[in-house]
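A.B. asks: Could you have a look at this structure, given as structure tokens, before my questions?
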Amino acid sequence: MSELLIIFSLWPPAEASPNAREHWAPRKRAVDEWKLVARTDIHSQLARNTPLPLKPPVGASVTVIIPKAKWRRMDQDNFMARLKPLWDLLREEGIIVDDRQAALKVYAPVFVRSDQATSPGLVVAMSGQ
């Protein structure tokens, strides 16, 4: 069984949420900008000898780091929808084979409030066959 932990320095953009009701162009621009930062996060943390892709079924858990400046009540379902660009990026980067439900089991996110964090972040832990 392979395991992988990746820490992302930013959340996917709010425009990625279906509830944002943005026009497709600003949504795509925001997601593309986030993907640039997220790719840097991925490549700075992956070791060259990491066996990729993780073979399905892949289990993934997400811990959402909430800095003090952004403490507020968060809706798990809405945040899960906002994570779609994350799963797409992991597929594009060859970390997972497929982001469909049969191949990727995503557990409900855990929200952690942090006094020390200065920006929002994500910790993604994945395990595959």
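Residue numbering restarts at 1 in every chain; chains get A, B, ... in the order shown in the structure tokens, and ligands count up from 1 in that same order.
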Write out as an mmCIF file with N, CA, C and O atoms, in the first residue's frame all residues of region 42-87 of chain A that backbone DSSP assigns to alpha helix (DSSP H).
C.D. replies:
data_model
loop_
_atom_site.group_PDB
_atom_site.id
_atom_site.type_symbol
_atom_site.label_atom_id
_atom_site.label_comp_id
_atom_site.auth_asym_id
_atom_site.auth_seq_id
_atom_site.Cartn_x
_atom_site.Cartn_y
_atom_site.Cartn_z
ATOM 1 N N ILE A 42 3.076 20.754 -4.955
ATOM 2 C CA ILE A 42 3.232 19.320 -5.220
ATOM 3 C C ILE A 42 4.681 18.986 -5.537
ATOM 4 O O ILE A 42 5.281 18.097 -4.930
ATOM 5 N N HIS A 43 5.266 19.697 -6.492
ATOM 6 C CA HIS A 43 6.612 19.357 -6.953
ATOM 7 C C HIS A 43 7.686 19.613 -5.898
ATOM 8 O O HIS A 43 8.724 18.953 -5.908
ATOM 9 N N SER A 44 7.434 20.532 -4.987
ATOM 10 C CA SER A 44 8.418 20.792 -3.937
ATOM 11 C C SER A 44 8.390 19.710 -2.851
ATOM 12 O O SER A 44 9.339 19.586 -2.087
ATOM 13 N N GLN A 45 7.313 18.911 -2.801
ATOM 14 C CA GLN A 45 7.182 17.919 -1.734
ATOM 15 C C GLN A 45 7.349 16.474 -2.188
ATOM 16 O O GLN A 45 7.626 15.597 -1.373
ATOM 17 N N GLN A 76 -19.370 21.696 5.161
ATOM 18 C CA GLN A 76 -18.568 20.614 4.583
ATOM 19 C C GLN A 76 -18.937 20.326 3.132
ATOM 20 O O GLN A 76 -18.066 20.151 2.287
ATOM 21 N N ASP A 77 -20.223 20.266 2.831
ATOM 22 C CA ASP A 77 -20.651 19.935 1.468
ATOM 23 C C ASP A 77 -20.176 20.977 0.459
ATOM 24 O O ASP A 77 -19.701 20.639 -0.625
ATOM 25 N N ASN A 78 -20.319 22.247 0.817
ATOM 26 C CA ASN A 78 -19.875 23.304 -0.094
ATOM 27 C C ASN A 78 -18.358 23.267 -0.282
ATOM 28 O O ASN A 78 -17.861 23.496 -1.376
ATOM 29 N N PHE A 79 -17.633 22.977 0.795
ATOM 30 C CA PHE A 79 -16.183 22.930 0.669
ATOM 31 C C PHE A 79 -15.752 21.727 -0.170
ATOM 32 O O PHE A 79 -14.803 21.816 -0.947
ATOM 33 N N MET A 80 -16.454 20.611 -0.051
ATOM 34 C CA MET A 80 -16.143 19.427 -0.875
ATOM 35 C C MET A 80 -16.284 19.764 -2.358
ATOM 36 O O MET A 80 -15.458 19.356 -3.171
ATOM 37 N N ALA A 81 -17.327 20.503 -2.718
ATOM 38 C CA ALA A 81 -17.517 20.891 -4.118
ATOM 39 C C ALA A 81 -16.393 21.818 -4.574
ATOM 40 O O ALA A 81 -15.951 21.748 -5.720
ATOM 41 N N ARG A 82 -15.919 22.634 -3.676
ATOM 42 C CA ARG A 82 -14.829 23.571 -3.995
ATOM 43 C C ARG A 82 -13.506 22.840 -4.240
ATOM 44 O O ARG A 82 -12.586 23.387 -4.853
ATOM 45 N N LYS A 84 -13.025 20.254 -6.182
ATOM 46 C CA LYS A 84 -12.975 19.610 -7.499
ATOM 47 C C LYS A 84 -11.695 19.957 -8.269
ATOM 48 O O LYS A 84 -11.064 19.059 -8.842
ATOM 49 N N PRO A 85 -11.230 21.207 -8.301
ATOM 50 C CA PRO A 85 -9.971 21.498 -9.002
ATOM 51 C C PRO A 85 -8.770 20.748 -8.404
ATOM 52 O O PRO A 85 -7.831 20.421 -9.118
ATOM 53 N N LEU A 86 -8.819 20.453 -7.112
ATOM 54 C CA LEU A 86 -7.738 19.706 -6.476
ATOM 55 C C LEU A 86 -7.655 18.295 -7.057
ATOM 56 O O LEU A 86 -6.581 17.835 -7.446
ATOM 57 N N TRP A 87 -8.779 17.607 -7.140
ATOM 58 C CA TRP A 87 -8.783 16.232 -7.664
ATOM 59 C C TRP A 87 -8.403 16.227 -9.150
ATOM 60 O O TRP A 87 -7.683 15.334 -9.600
#
A.B. asks: Skip region 9-17 of chain A itself and residues of its chain fewer than 3 positions away, then list as an NGL selection string all residues within 10 Å of it, counting only C-alpha atoms.
C.D. replies: :A and (6 or 20-24 or 26-35 or 37-38 or 40-41 or 64-66 or 78-86 or 119-123)
A.B. asks: Go ahead and write the residues just picked, C-alpha atoms, as a CSV table (one decimal), in the first residue's frame.
C.D. replies:
chain,number,residue,atom,x,y,z
A,6,ILE,CA,0.8,16.8,0.4
A,20,ALA,CA,-20.4,31.0,-6.6
A,21,ARG,CA,-22.4,31.2,-9.8
A,22,GLU,CA,-19.5,32.8,-11.6
A,23,HIS,CA,-19.3,33.1,-15.4
A,24,TRP,CA,-17.0,30.4,-16.7
A,26,PRO,CA,-13.4,34.3,-14.3
A,27,ARG,CA,-13.9,30.8,-12.7
A,28,LYS,CA,-11.3,29.3,-15.1
A,29,ARG,CA,-8.9,32.1,-14.6
A,30,ALA,CA,-9.1,31.8,-10.8
A,31,VAL,CA,-8.7,28.0,-11.0
A,32,ASP,CA,-5.7,28.2,-13.4
A,33,GLU,CA,-4.0,30.7,-11.0
A,34,TRP,CA,-4.6,28.4,-8.1
A,35,LYS,CA,-3.2,25.4,-10.0
A,37,VAL,CA,0.6,27.6,-6.9
A,38,ALA,CA,-0.6,24.1,-6.2
A,40,THR,CA,4.6,24.2,-7.1
A,41,ASP,CA,3.4,22.8,-3.7
A,64,VAL,CA,-8.6,22.3,6.1
A,65,ILE,CA,-6.4,24.7,8.0
A,66,ILE,CA,-8.3,27.9,8.9
A,78,ASN,CA,-19.9,23.3,-0.1
A,79,PHE,CA,-16.2,22.9,0.7
A,80,MET,CA,-16.1,19.4,-0.9
A,81,ALA,CA,-17.5,20.9,-4.1
A,82,ARG,CA,-14.8,23.6,-4.0
A,83,LEU,CA,-12.2,20.8,-4.0
A,84,LYS,CA,-13.0,19.6,-7.5
A,85,PRO,CA,-10.0,21.5,-9.0
A,86,LEU,CA,-7.7,19.7,-6.5
A,119,SER,CA,-2.9,31.8,5.4
A,120,PRO,CA,-5.5,29.1,4.6
A,121,GLY,CA,-4.1,25.7,3.7
A,122,LEU,CA,-4.9,22.1,3.0
A,123,VAL,CA,-3.3,18.8,4.1
A.B. asks: If you count only C-alpha atoms, which residues fall within 8 Å of Met1 (chain A), apart from same-chain ones fewer than 2 positions away, as an mmCIF file with N, CA and C atoms, in the first residue's frame?
C.D. replies:
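Everything below was put into out-v1.cif:
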data_model
loop_
_atom_site.group_PDB
_atom_site.id
_atom_site.type_symbol
_atom_site.label_atom_id
_atom_site.label_comp_id
_atom_site.auth_asym_id
_atom_site.auth_seq_id
_atom_site.Cartn_x
_atom_site.Cartn_y
_atom_site.Cartn_z
ATOM 1 N N GLU A 3 1.358 5.401 0.421
ATOM 2 C CA GLU A 3 0.764 6.544 1.116
ATOM 3 C C GLU A 3 1.485 7.817 0.690
ATOM 4 N N SER A 127 -3.960 7.279 0.250
ATOM 5 C CA SER A 127 -3.381 5.935 0.256
ATOM 6 C C SER A 127 -4.029 5.147 -0.868
ATOM 7 N N GLY A 128 -3.222 4.350 -1.539
ATOM 8 C CA GLY A 128 -3.702 3.534 -2.635
ATOM 9 C C GLY A 128 -3.120 2.145 -2.550
ATOM 10 N N GLN A 129 -3.568 1.285 -3.424
ATOM 11 C CA GLN A 129 -3.102 -0.111 -3.440
ATOM 12 C C GLN A 129 -1.647 -0.203 -3.792
#
A.B. asks: Env of Ser114 (chain A): 9 Å cut, atoms = only C-alpha atoms, seq-sep filter 3 positions within chain, self excluded. Answer as an NGL selection string.
C.D. replies: :A and (65-68 or 71 or 117-118)
A.B. asks: Pick out the closest residue to Gln116 (chain A) from this set: A:Leu89, A:Gly94, A:Ala69, A:Asn49. Count only C-alpha atoms.
C.D. replies: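 So, comparing all the options, the nearest one is A:Ala69.
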